[in-house]
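Shown next: data_6.txt, containing compact mmCIF, C-alpha atoms.
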# COMPACT_ATOMS: atom_id res chain seq x y z
CA MET R 1 -9.01 -1.42 -3.95
CA THR R 2 -12.57 -2.71 -3.83
CA TYR R 3 -15.94 -2.32 -2.20
CA CYS R 4 -18.17 -5.18 -1.10
CA ILE R 5 -21.45 -5.19 0.86
CA ALA R 6 -23.34 -8.07 2.46
CA ILE R 7 -26.74 -7.52 4.08
CA LYS R 8 -28.72 -9.94 6.29
CA LEU R 9 -32.48 -9.32 6.59
CA ASP R 10 -35.49 -11.27 7.77
CA ALA R 11 -36.37 -11.92 4.12
CA GLY R 12 -32.95 -13.01 2.94
CA LEU R 13 -29.44 -11.93 2.03
CA VAL R 14 -28.02 -9.38 -0.41
CA PHE R 15 -24.43 -9.49 -1.70
CA LEU R 16 -22.81 -6.85 -3.91
CA SER R 17 -19.22 -6.41 -5.08
CA ASP R 18 -17.30 -4.36 -7.59
CA SER R 19 -14.55 -5.85 -9.76
CA ARG R 20 -11.71 -3.31 -9.89
CA THR R 21 -8.20 -4.05 -8.75
CA ASN R 22 -5.18 -1.80 -9.11
CA ALA R 23 -1.48 -1.91 -8.43
CA GLY R 24 -0.72 1.64 -9.46
CA LEU R 25 -2.20 4.05 -11.95
CA ASP R 26 -1.11 1.99 -14.95
CA GLN R 27 -2.16 -1.43 -13.62
CA ILE R 28 -5.95 -1.36 -13.34
CA ASN R 29 -7.80 -4.61 -14.04
CA SER R 30 -11.09 -6.35 -13.38
CA PHE R 31 -11.29 -9.48 -11.24
CA ARG R 32 -14.45 -11.01 -9.83
CA LYS R 33 -14.64 -10.78 -6.02
CA MET R 34 -17.81 -12.83 -5.50
CA MET R 35 -17.87 -16.62 -5.35
CA ILE R 36 -21.03 -18.69 -4.84
CA TYR R 37 -21.03 -22.22 -3.43
CA GLU R 38 -24.37 -24.01 -3.76
CA LYS R 39 -25.89 -27.47 -3.41
CA THR R 40 -29.53 -26.86 -4.23
CA GLY R 41 -31.81 -27.96 -1.42
CA ASP R 42 -28.89 -28.36 0.99
CA ARG R 43 -26.78 -25.19 1.20
CA PHE R 44 -26.13 -21.79 -0.32
CA MET R 45 -23.02 -19.76 0.53
CA THR R 46 -21.50 -16.60 -0.91
CA LEU R 47 -17.96 -15.30 -0.41
CA LEU R 48 -16.87 -11.70 -1.05
CA SER R 49 -13.20 -10.73 -0.80
CA ALA R 50 -11.08 -7.59 -0.54
CA GLY R 51 -7.40 -6.91 -0.04
CA ASN R 52 -4.39 -8.51 -1.71
CA LEU R 53 -5.66 -10.30 -4.83
CA SER R 54 -3.12 -13.12 -4.76
CA ILE R 55 -4.01 -13.92 -1.14
CA SER R 56 -7.77 -13.87 -1.71
CA GLN R 57 -7.45 -16.06 -4.83
CA SER R 58 -5.34 -18.58 -2.90
CA VAL R 59 -7.89 -18.67 -0.08
CA ARG R 60 -10.77 -19.18 -2.51
CA GLU R 61 -8.93 -22.03 -4.23
CA LEU R 62 -8.23 -23.75 -0.90
CA LEU R 63 -11.73 -23.24 0.43
CA GLN R 64 -13.25 -25.71 -2.03
CA THR R 65 -11.24 -28.61 -0.60
CA MET R 66 -10.09 -27.35 2.84
CA THR R 67 -11.05 -29.40 5.90
CA VAL R 68 -10.81 -28.97 9.66
CA ARG R 69 -11.33 -31.55 12.40
CA ASP R 70 -14.06 -30.93 14.96
CA ASP R 71 -12.50 -31.01 18.42
CA THR R 72 -15.61 -32.53 20.02
CA THR R 73 -16.74 -35.17 17.52
CA GLY R 74 -13.54 -35.74 15.56
CA GLU R 75 -15.53 -35.25 12.35
CA VAL R 76 -13.68 -33.85 9.35
CA LEU R 77 -15.52 -30.70 8.22
CA SER R 78 -15.56 -28.91 4.88
CA ILE R 79 -17.86 -26.23 3.51
CA TRP R 80 -19.73 -29.05 1.74
CA ASN R 81 -20.61 -31.11 4.81
CA ALA R 82 -20.60 -28.55 7.64
CA LYS R 83 -23.90 -28.57 9.49
CA SER R 84 -23.77 -24.86 10.31
CA MET R 85 -22.51 -21.66 8.71
CA PHE R 86 -20.39 -21.20 11.84
CA ASP R 87 -18.48 -24.40 11.07
CA ALA R 88 -18.23 -23.47 7.38
CA THR R 89 -16.71 -20.15 8.43
CA ARG R 90 -14.24 -22.01 10.64
CA VAL R 91 -13.09 -23.79 7.49
CA LEU R 92 -12.68 -20.44 5.74
CA GLY R 93 -10.66 -19.10 8.68
CA ALA R 94 -8.43 -22.18 8.50
CA ALA R 95 -7.86 -21.55 4.78
CA VAL R 96 -6.80 -17.96 5.53
CA ARG R 97 -4.35 -19.15 8.20
CA HIS R 98 -2.99 -21.84 5.87
CA VAL R 99 -2.14 -19.24 3.23
CA TYR R 100 -0.52 -17.07 5.91
CA ASP R 101 1.60 -19.97 7.16
CA ARG R 102 2.64 -20.75 3.59
CA ASP R 103 3.23 -17.23 2.21
CA GLY R 104 3.33 -14.80 5.14
CA VAL R 105 7.10 -14.79 5.70
CA ALA R 106 7.89 -14.45 2.00
CA LEU R 107 5.39 -11.61 1.62
CA LYS R 108 6.84 -9.79 4.62
CA ARG R 109 10.35 -10.19 3.21
CA ALA R 110 9.11 -8.57 0.00
CA GLY R 111 7.55 -5.69 1.94
CA VAL R 112 3.96 -6.85 1.33
CA ASP R 113 1.44 -6.93 4.18
CA PHE R 114 -0.74 -10.01 4.60
CA ASN R 115 -3.93 -8.10 3.85
CA VAL R 116 -7.21 -9.87 3.16
CA SER R 117 -10.77 -9.47 4.45
CA MET R 118 -13.83 -11.49 3.52
CA LEU R 119 -17.58 -11.61 3.92
CA PHE R 120 -19.12 -15.07 4.05
CA GLY R 121 -22.83 -15.71 4.39
CA GLY R 122 -25.58 -18.10 3.46
CA GLN R 123 -27.79 -20.84 4.77
CA ILE R 124 -27.37 -24.55 5.45
CA GLN R 125 -30.37 -26.85 5.73
CA GLY R 126 -31.51 -27.13 9.33
CA GLU R 127 -30.51 -23.65 10.49
CA GLY R 128 -31.27 -20.02 9.71
CA MET R 129 -29.27 -17.64 7.56
CA ARG R 130 -25.98 -16.33 8.95
CA LEU R 131 -23.44 -13.75 7.85
CA PHE R 132 -19.80 -13.38 8.95
CA GLN R 133 -16.87 -11.03 8.42
CA VAL R 134 -13.49 -12.79 8.36
CA TYR R 135 -10.23 -10.99 9.12
CA SER R 136 -6.61 -11.52 8.03
CA ALA R 137 -5.91 -13.66 11.11
CA GLY R 138 -8.72 -16.05 10.20
CA ASN R 139 -10.91 -14.91 13.12
CA PHE R 140 -14.43 -13.66 12.44
CA ILE R 141 -17.52 -11.90 13.76
CA GLU R 142 -21.20 -12.49 13.00
CA ALA R 143 -23.89 -10.04 11.88
CA THR R 144 -26.71 -9.41 14.37
CA ALA R 145 -30.11 -7.76 14.30
CA GLU R 146 -28.44 -4.56 15.51
CA THR R 147 -25.72 -4.81 12.84
CA PRO R 148 -27.47 -6.25 9.75
CA TYR R 149 -24.70 -5.53 7.23
CA PHE R 150 -20.95 -5.71 6.71
CA GLN R 151 -18.69 -3.78 4.35
CA ILE R 152 -15.11 -4.40 3.27
CA GLY R 153 -12.79 -2.29 1.16
CA GLU R 154 -13.65 1.37 0.52
CA ALA R 155 -16.53 1.39 3.00
CA LYS R 156 -16.80 5.01 4.10
CA TYR R 157 -18.45 6.56 1.03
CA GLY R 158 -21.38 4.15 0.89
CA LYS R 159 -22.02 3.78 4.62
CA PRO R 160 -24.38 6.74 5.31
CA VAL R 161 -27.23 5.48 3.12
CA LEU R 162 -26.99 1.99 4.63
CA ASP R 163 -27.21 3.40 8.16
CA ARG R 164 -30.25 5.53 7.27
CA VAL R 165 -32.22 2.95 5.28
CA LEU R 166 -31.47 -0.62 6.39
CA THR R 167 -33.69 -2.35 8.93
CA ALA R 168 -34.17 -6.07 9.47
CA ASP R 169 -37.73 -6.02 8.05
CA LEU R 170 -36.79 -4.27 4.80
CA PRO R 171 -37.94 -6.14 1.64
CA LEU R 172 -35.14 -7.73 -0.36
CA ASP R 173 -35.61 -5.62 -3.48
CA GLU R 174 -35.42 -2.42 -1.42
CA ALA R 175 -32.27 -3.69 0.26
CA ALA R 176 -30.76 -4.46 -3.16
CA LYS R 177 -31.62 -0.91 -4.26
CA CYS R 178 -30.01 0.46 -1.10
CA ALA R 179 -26.85 -1.56 -1.74
CA LEU R 180 -26.67 -0.26 -5.31
CA VAL R 181 -27.07 3.35 -4.12
CA SER R 182 -24.29 2.71 -1.61
CA MET R 183 -22.10 1.36 -4.41
CA ASP R 184 -22.94 4.31 -6.67
CA SER R 185 -21.88 6.74 -3.93
CA THR R 186 -18.57 4.89 -3.69
CA LEU R 187 -18.07 4.82 -7.47
CA LYS R 188 -18.69 8.57 -7.55
CA SER R 189 -16.09 9.36 -4.88
CA ASN R 190 -13.35 6.76 -5.37
CA LEU R 191 -11.66 5.79 -8.63
CA SER R 192 -10.25 2.60 -7.12
CA VAL R 193 -13.76 1.06 -7.19
CA GLY R 194 -15.25 0.28 -10.57
CA LEU R 195 -17.70 -1.58 -12.78
CA PRO R 196 -18.78 -4.24 -13.52
CA LEU R 197 -20.66 -5.18 -10.34
CA ASP R 198 -21.87 -8.59 -9.17
CA LEU R 199 -25.21 -8.70 -7.33
CA ALA R 200 -26.78 -11.75 -5.68
CA VAL R 201 -30.11 -11.73 -3.82
CA TYR R 202 -31.00 -14.82 -1.77
CA GLU R 203 -34.49 -15.55 -0.42
CA ALA R 204 -34.57 -17.06 3.07
CA GLY R 205 -35.18 -20.80 3.16
CA SER R 206 -34.78 -21.36 -0.58
CA LEU R 207 -31.31 -22.98 -0.39
CA HIS R 208 -30.59 -21.80 -3.93
CA CYS R 209 -30.21 -18.46 -5.66
CA ASN R 210 -31.53 -17.48 -9.08
CA LYS R 211 -31.32 -13.70 -8.67
CA LEU R 212 -27.80 -13.13 -9.96
CA VAL R 213 -26.66 -10.36 -12.27
CA CYS R 214 -23.45 -8.79 -13.54
CA ILE R 215 -24.01 -5.04 -13.91
CA ASP R 216 -21.92 -3.04 -16.40
CA GLU R 217 -22.13 0.55 -17.60
CA HIS R 218 -24.87 -0.39 -20.08
CA ASN R 219 -27.26 -1.88 -17.51
CA PRO R 220 -30.51 0.13 -17.86
CA TYR R 221 -31.61 -0.16 -14.23
CA PHE R 222 -28.24 0.96 -12.85
CA GLN R 223 -28.11 3.84 -15.33
CA MET R 224 -31.56 4.94 -14.17
CA LEU R 225 -30.63 4.59 -10.48
CA ARG R 226 -27.44 6.62 -10.85
CA SER R 227 -29.21 9.40 -12.72
CA ASN R 228 -32.24 9.55 -10.40
CA TRP R 229 -30.23 9.35 -7.18
CA GLY R 230 -28.02 12.25 -8.22
CA GLU R 231 -30.91 14.41 -9.41
CA ARG R 232 -33.14 13.75 -6.41
CA LEU R 233 -30.32 14.20 -3.93
CA ARG R 234 -29.71 17.61 -5.48
CA ALA R 235 -33.45 18.40 -5.37
CA VAL R 236 -33.64 17.52 -1.67
CA PHE R 237 -30.59 19.66 -1.00
CA ASP R 238 -32.12 22.60 -2.87
CA SER R 239 -35.39 22.21 -0.94
CA ILE R 240 -33.69 22.80 2.42
CA GLU R 241 -33.70 26.43 3.51
CA ASP R 242 -30.36 28.26 3.39
CA PRO R 243 -29.01 29.36 6.80
CA GLN R 244 -30.36 32.73 7.92
CA TRP R 245 -28.18 34.85 10.21
CA PHE R 246 -29.61 36.59 13.28
CA GLY R 247 -33.22 35.72 12.55
CA GLY R 248 -33.88 37.21 9.13
CA ASN R 249 -37.17 35.93 7.73
CA SER R 250 -36.63 32.40 9.00
CA THR R 251 -38.33 30.50 11.81
CA VAL R 252 -35.17 28.44 12.20
CA PRO R 253 -32.31 30.97 12.25
CA LEU R 254 -28.75 29.72 12.28
CA VAL R 255 -27.78 32.27 14.94
CA MET R 256 -29.99 33.68 17.69
CA ASP R 257 -29.75 37.22 19.11
CA LYS R 258 -26.98 36.27 21.50
CA PRO R 259 -24.51 34.00 19.79
CA SER R 260 -22.03 32.15 21.96
CA PRO R 261 -18.73 34.04 21.96
CA ILE R 262 -15.84 32.67 19.91
CA LYS R 263 -12.53 34.18 20.91
CA LYS R 264 -10.73 36.04 18.15
CA ILE R 265 -6.96 36.43 18.16
CA THR R 266 -6.15 39.98 17.09
CA THR R 267 -2.48 40.41 18.08
CA PRO R 268 0.56 38.12 18.18
CA GLU R 269 0.72 38.46 21.97
CA GLU R 270 -2.79 37.15 22.72
CA LYS R 271 -3.23 33.69 24.16
CA LEU R 272 -5.98 31.20 23.53
CA VAL R 273 -6.53 30.71 27.26

Can you turn what I pasted into structure tokens?
Amino acid sequence: MTYCIAIKLDAGLVFLSDSRTNAGLDQINSFRKMMIYEKTGDRFMTLLSAGNLSISQSVRELLQTMTVRDDTTGEVLSIWNAKSMFDATRVLGAAVRHVYDRDGVALKRAGVDFNVSMLFGGQIQGEGMRLFQVYSAGNFIEATAETPYFQIGEAKYGKPVLDRVLTADLPLDEAAKCALVSMDSTLKSNLSVGLPLDLAVYEAGSLHCNKLVCIDEHNPYFQMLRSNWGERLRAVFDSIEDPQWFGGNSTVPLVMDKPSPIKKITTPEEKLV
């Protein structure tokens, strides 16, 4: 399994992915799930992938040379000449469908689902930053101000901190910290997600990215973050008053003088209603 996060803010974009893949308890490996496509001064794009590794690798290979024809202008589009991230994502969707057309029947015959999901975001000269989530059918949705991030893979463990912290005006470094806390929560709760991590932070309008890092278990910042997050989360938990029953010495009792009745079943013959 895997876990990938992509965040779109006013200040830029943040991408984070783990590198663990597994096909059973005795087949655990590391494969990079982040790919960056960049022509400095013209375009910056990042692709994150989750799902079947063979499918995602095939899609990534095709994406570098895949083309689609624009229905209106007749122009042949690739990720290298597309004038918008929307059109570049159309090319990605076409690559996904091409792999399905080529391999889908054989995979189904072998009992393997065509399972791939991708996050694709960046900026092309002449338009603002955009971020998309692409599904197994090649269709996609775009991030909005109300939904500034996407997750793929083991998303549930790291979602709460994103929902509580992320806003469109958050500084990029704080968003990167939030993404790393989200990843740490997932690492803590799910063995199918693992180090090393790939982190890319893109500043709006720059059309290139120099904030790239591969984070392993020896990375001093990530070690500090993991330790501090765990300790401070425990400290916050300990600082919250324990529930007090029927008033006690608390100003916020768990139960008031007249608790709402909960029916108890005391004999085999009693009914709930």

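With CA of Gly121 (chain R) on one side and CA of Phe31 (chain R) on the other, the separation reads 20.4 Å.
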
Quiz item: Looking at all atoms listed in the file, which of R:Glu142, R:Asp103, R:Asp173, R:Glu75 is the one that sits closest to Thr89 (chain R)?
Solution: R:Glu142

Put a box with edges along x, y and z around all the listed atoms of region 55-63 of chain R, pad it by 8 Å on each side, then give me its centre and sizes in Å, one decimal, as lines of an AutoDock Vina configuration file.
center_x = -7.9
center_y = -18.8
center_z = -2.2
size_x = 23.7
size_y = 25.9
size_z = 21.3

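Closest approach to Tyr100 (chain R) among R:Ser192, R:Ser84, R:Ser54, R:Thr65: R:Ser54, based on only C-alpha atoms.
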
For the contact check between region 2-113 of chain R and region 204-227 of chain R, emit one row per residue of region 2-113 of chain R within 7 Å, containing the shortest atom pair and the distance in Å rounded to one decimal, counting all atoms listed in the file, chain then rising number order, as a Markdown table.
| residue | atom | partner | partner_atom | distance |
| --- | --- | --- | --- | --- |
| R:Ala11 | CA | R:Ala204 | CA | 5.5 |
| R:Gly12 | CA | R:Ala204 | CA | 4.4 |
| R:Glu38 | CA | R:His208 | CA | 6.6 |
| R:Thr40 | CA | R:His208 | CA | 5.2 |
| R:Gly41 | CA | R:Leu207 | CA | 5.1 |
| R:Asp42 | CA | R:Leu207 | CA | 6.1 |
| R:Arg43 | CA | R:Leu207 | CA | 5.3 |
| R:Phe44 | CA | R:Leu207 | CA | 5.3 |
